[in-house]
Amino acid sequence: MPADLIRPRPPFPYDLLPAVPAFTLASADLVDGERMPDRFTAVHENISPELHWSGFPATTRSFVVSCFDPDAPSPAGWWHWTIQDLDASVTSLPQGAGESDLQLDGAAFHAVNDSGTHAWSGPYPPAGDGDHRYIFAVHALDVDTLGLDDDASPTTVAAQCSFHAIARALLTVTYSQPGEPGAAPFLQEAR
């Protein structure tokens with residue numbers, strides 16, 4: 001018997017964190033509030049999208065970039081992407097930068113995502129589960145490094161951001177797959 005995934009959607013997670021000033025996050029590949037193009041999902045080509053940001057505080061010393069799905073059928077959501085220790089001079093990531101640490105500048109590196117890889121893990125929501133929100137966040141930090149290693153979970157990285165964030169930029173897109181709710185089991189790669 002398939003699982004019943006019908007449930008209320010959680011609140012927007014960044015509304016629950018301490019307020020910090022906002023700056024601008026944009027993308028040549030994504031439009032805030034719209035559907036993510038298929039090619040960036042794990043259902044299709046699994047390519048990380050281009051991102052660029054501006055308007056952050058002059059005192060920024062580093063950035064953390066992440067993508068989080070609060071709508072995954074899990075009490076903790078699903079972390080798709082986390083890059084930490086991006087130098088303050090880096091204000092963009094080209095399409096495909098999530099392939100590996102080799103695509104990143106300087107000391108920046110990927111934290112392990114909830115799929116168990118140190119890379120971009122594109123959306124793959126369960127069929128029929130409706131729109132999931134994919135929230136891209138860039139945190140401007142007051143430290144050069146969070147001092148974490150690549151085994152740190154994305155939740156650990158996010159918690160450390162709470163102590164060091166001086167500003168935050170957000171961009172949210174959605175993605176869903178057609179089908180009947182619970183028509184297929186929720187597999188590890190289905191997120």
# chains A, B, ... in the order shown; residues from 1 in each chain; ligands from 1
>>> residues_around(residues="A:Gly77", least_positions_apart="6", cutoff="10 Å", atoms="only C-alpha atoms", output="VMD selection string")
chain A and resid 10 13 68 to 71 114 191
>>> closest_atom_pairs(of="stretch 128-175 of chain A", to="stretch 88-106 of chain A", cutoff="10 Å", atoms="only C-alpha atoms", output="Markdown table")
| residue | atom | partner | partner_atom | distance |
| --- | --- | --- | --- | --- |
| A:Val138 | CA | A:Thr91 | CA | 9.9 |
| A:Ala140 | CA | A:Ala88 | CA | 8.1 |
| A:Leu141 | CA | A:Ala88 | CA | 8.7 |
| A:Asp142 | CA | A:Ala88 | CA | 9.9 |
| A:Val143 | CA | A:Ala88 | CA | 9.8 |
| A:Asp144 | CA | A:Ala88 | CA | 8.1 |
>>> write_last_selection(atoms="all heavy atoms", output="mmCIF file, in the first residue's frame")
data_model
loop_
_atom_site.group_PDB
_atom_site.id
_atom_site.type_symbol
_atom_site.label_atom_id
_atom_site.label_comp_id
_atom_site.auth_asym_id
_atom_site.auth_seq_id
_atom_site.Cartn_x
_atom_site.Cartn_y
_atom_site.Cartn_z
ATOM 1 N N VAL A 138 21.653 33.100 -0.076
ATOM 2 C CA VAL A 138 23.053 33.500 0.042
ATOM 3 C C VAL A 138 23.149 34.287 1.338
ATOM 4 O O VAL A 138 22.427 35.274 1.532
ATOM 5 C CB VAL A 138 23.524 34.356 -1.152
ATOM 6 C CG1 VAL A 138 24.979 34.787 -0.951
ATOM 7 C CG2 VAL A 138 23.370 33.592 -2.461
ATOM 8 N N ALA A 140 25.549 36.515 3.727
ATOM 9 C CA ALA A 140 26.770 37.298 3.873
ATOM 10 C C ALA A 140 27.206 37.169 5.335
ATOM 11 O O ALA A 140 26.399 37.378 6.244
ATOM 12 C CB ALA A 140 26.504 38.760 3.520
ATOM 13 N N LEU A 141 28.464 36.800 5.535
ATOM 14 C CA LEU A 141 28.950 36.490 6.887
ATOM 15 C C LEU A 141 30.019 37.468 7.353
ATOM 16 O O LEU A 141 30.717 38.079 6.531
ATOM 17 C CB LEU A 141 29.514 35.062 6.916
ATOM 18 C CG LEU A 141 28.603 33.937 6.416
ATOM 19 C CD1 LEU A 141 29.320 32.605 6.542
ATOM 20 C CD2 LEU A 141 27.281 33.932 7.168
ATOM 21 N N ASP A 142 30.185 37.524 8.670
ATOM 22 C CA ASP A 142 31.192 38.401 9.273
ATOM 23 C C ASP A 142 32.503 37.684 9.574
ATOM 24 O O ASP A 142 33.355 38.202 10.296
ATOM 25 C CB ASP A 142 30.633 39.048 10.549
ATOM 26 C CG ASP A 142 30.318 38.029 11.644
ATOM 27 O OD1 ASP A 142 30.528 36.805 11.450
ATOM 28 O OD2 ASP A 142 29.830 38.455 12.719
ATOM 29 N N VAL A 143 32.684 36.477 9.024
ATOM 30 C CA VAL A 143 33.917 35.697 9.206
ATOM 31 C C VAL A 143 34.404 35.207 7.844
ATOM 32 O O VAL A 143 33.615 35.049 6.905
ATOM 33 C CB VAL A 143 33.704 34.488 10.147
ATOM 34 C CG1 VAL A 143 33.456 34.952 11.573
ATOM 35 C CG2 VAL A 143 32.581 33.597 9.660
ATOM 36 N N ASP A 144 35.717 34.951 7.728
ATOM 37 C CA ASP A 144 36.286 34.435 6.483
ATOM 38 C C ASP A 144 35.920 32.978 6.256
ATOM 39 O O ASP A 144 35.839 32.521 5.123
ATOM 40 C CB ASP A 144 37.814 34.555 6.497
ATOM 41 C CG ASP A 144 38.282 35.996 6.542
ATOM 42 O OD1 ASP A 144 37.603 36.871 5.965
ATOM 43 O OD2 ASP A 144 39.332 36.252 7.168
#
>>> select_by_dssp(residues="stretch 10-140 of chain A", states="strand (DSSP E)", output="PyMOL selection string")
chain A and resi 24-26+51-54+62-69+78-87+92-93+109-110+132-140
>>> select_by_dssp(residues="chain A", states="alpha helix (DSSP H)", output="ChimeraX atom specification")
/A:154-164
>>> atom_distance(atom1="atom CA of A:Pro21", atom2="atom CA of A:Leu51")
19.3 Å
>>> closest_atom_pairs(of="stretch 49-137 of chain A", to="stretch 173-182 of chain A", cutoff="10 Å", atoms="only C-alpha atoms", output="JSON lines")
{"residue": "A:Asp69", "atom": "CA", "partner": "A:Thr174", "partner_atom": "CA", "distance": 9.2}
{"residue": "A:Pro123", "atom": "CA", "partner": "A:Tyr175", "partner_atom": "CA", "distance": 7.2}
{"residue": "A:Tyr124", "atom": "CA", "partner": "A:Ser176", "partner_atom": "CA", "distance": 7.9}
{"residue": "A:Pro125", "atom": "CA", "partner": "A:Ser176", "partner_atom": "CA", "distance": 6.1}
{"residue": "A:Pro126", "atom": "CA", "partner": "A:Gln177", "partner_atom": "CA", "distance": 6.8}
{"residue": "A:Ala127", "atom": "CA", "partner": "A:Gln177", "partner_atom": "CA", "distance": 4.8}
{"residue": "A:Gly128", "atom": "CA", "partner": "A:Gly179", "partner_atom": "CA", "distance": 4.3}
{"residue": "A:Asp129", "atom": "CA", "partner": "A:Pro181", "partner_atom": "CA", "distance": 5.5}
{"residue": "A:Gly130", "atom": "CA", "partner": "A:Ser176", "partner_atom": "CA", "distance": 5.5}
{"residue": "A:Asp131", "atom": "CA", "partner": "A:Ser176", "partner_atom": "CA", "distance": 4.7}
{"residue": "A:His132", "atom": "CA", "partner": "A:Thr174", "partner_atom": "CA", "distance": 5.4}
{"residue": "A:Arg133", "atom": "CA", "partner": "A:Thr174", "partner_atom": "CA", "distance": 4.6}
{"residue": "A:Tyr134", "atom": "CA", "partner": "A:Val173", "partner_atom": "CA", "distance": 5.3}
{"residue": "A:Ile135", "atom": "CA", "partner": "A:Val173", "partner_atom": "CA", "distance": 6.6}
{"residue": "A:Phe136", "atom": "CA", "partner": "A:Val173", "partner_atom": "CA", "distance": 8.3}
>>> write_last_selection(atoms="N, CA, C and O atoms", output="CSV table (one decimal), in the first residue's frame")
chain,number,residue,atom,x,y,z
A,69,ASP,N,14.6,22.6,0.4
A,69,ASP,CA,13.2,22.3,0.2
A,69,ASP,C,12.5,22.0,1.5
A,69,ASP,O,12.6,20.9,2.1
A,123,PRO,N,16.2,19.0,-7.6
A,123,PRO,CA,14.9,18.6,-7.1
A,123,PRO,C,14.4,17.3,-7.8
A,123,PRO,O,14.7,17.0,-9.0
A,124,TYR,N,13.8,16.4,-7.0
A,124,TYR,CA,13.2,15.2,-7.4
A,124,TYR,C,12.0,14.9,-6.5
A,124,TYR,O,12.1,13.9,-5.8
A,125,PRO,N,11.0,15.7,-6.4
A,125,PRO,CA,9.9,15.5,-5.5
A,125,PRO,C,9.1,14.3,-5.8
A,125,PRO,O,9.0,13.9,-7.0
A,126,PRO,N,8.4,13.7,-4.8
A,126,PRO,CA,7.6,12.5,-5.1
A,126,PRO,C,6.4,12.9,-6.1
A,126,PRO,O,5.9,14.0,-6.0
A,127,ALA,N,6.1,12.0,-7.0
A,127,ALA,CA,5.0,12.2,-7.9
A,127,ALA,C,3.7,12.5,-7.2
A,127,ALA,O,3.4,11.9,-6.2
A,128,GLY,N,3.0,13.5,-7.7
A,128,GLY,CA,1.7,13.9,-7.1
A,128,GLY,C,1.8,14.6,-5.8
A,128,GLY,O,0.7,14.8,-5.2
A,129,ASP,N,2.9,15.0,-5.4
A,129,ASP,CA,3.0,15.7,-4.1
A,129,ASP,C,2.8,17.2,-4.1
A,129,ASP,O,3.0,17.9,-3.2
A,130,GLY,N,2.5,17.7,-5.3
A,130,GLY,CA,2.3,19.1,-5.5
A,130,GLY,C,3.6,19.9,-5.5
A,130,GLY,O,4.6,19.3,-5.5
A,131,ASP,N,3.4,21.2,-5.6
A,131,ASP,CA,4.6,22.1,-5.7
A,131,ASP,C,5.4,22.0,-4.4
A,131,ASP,O,4.9,22.2,-3.3
A,132,HIS,N,6.7,21.8,-4.6
A,132,HIS,CA,7.7,22.0,-3.5
A,132,HIS,C,8.4,23.3,-3.8
A,132,HIS,O,8.6,23.7,-4.9
A,133,ARG,N,8.7,24.0,-2.7
A,133,ARG,CA,9.5,25.3,-2.8
A,133,ARG,C,11.0,24.9,-2.7
A,133,ARG,O,11.4,24.2,-1.8
A,134,TYR,N,11.8,25.5,-3.5
A,134,TYR,CA,13.2,25.4,-3.5
A,134,TYR,C,13.8,26.8,-3.2
A,134,TYR,O,13.7,27.6,-4.1
A,135,ILE,N,14.3,27.0,-2.0
A,135,ILE,CA,14.7,28.3,-1.6
A,135,ILE,C,16.2,28.4,-1.7
A,135,ILE,O,17.0,27.7,-0.9
A,136,PHE,N,16.7,29.2,-2.6
A,136,PHE,CA,18.1,29.5,-2.7
A,136,PHE,C,18.4,30.7,-1.8
A,136,PHE,O,17.7,31.7,-1.8
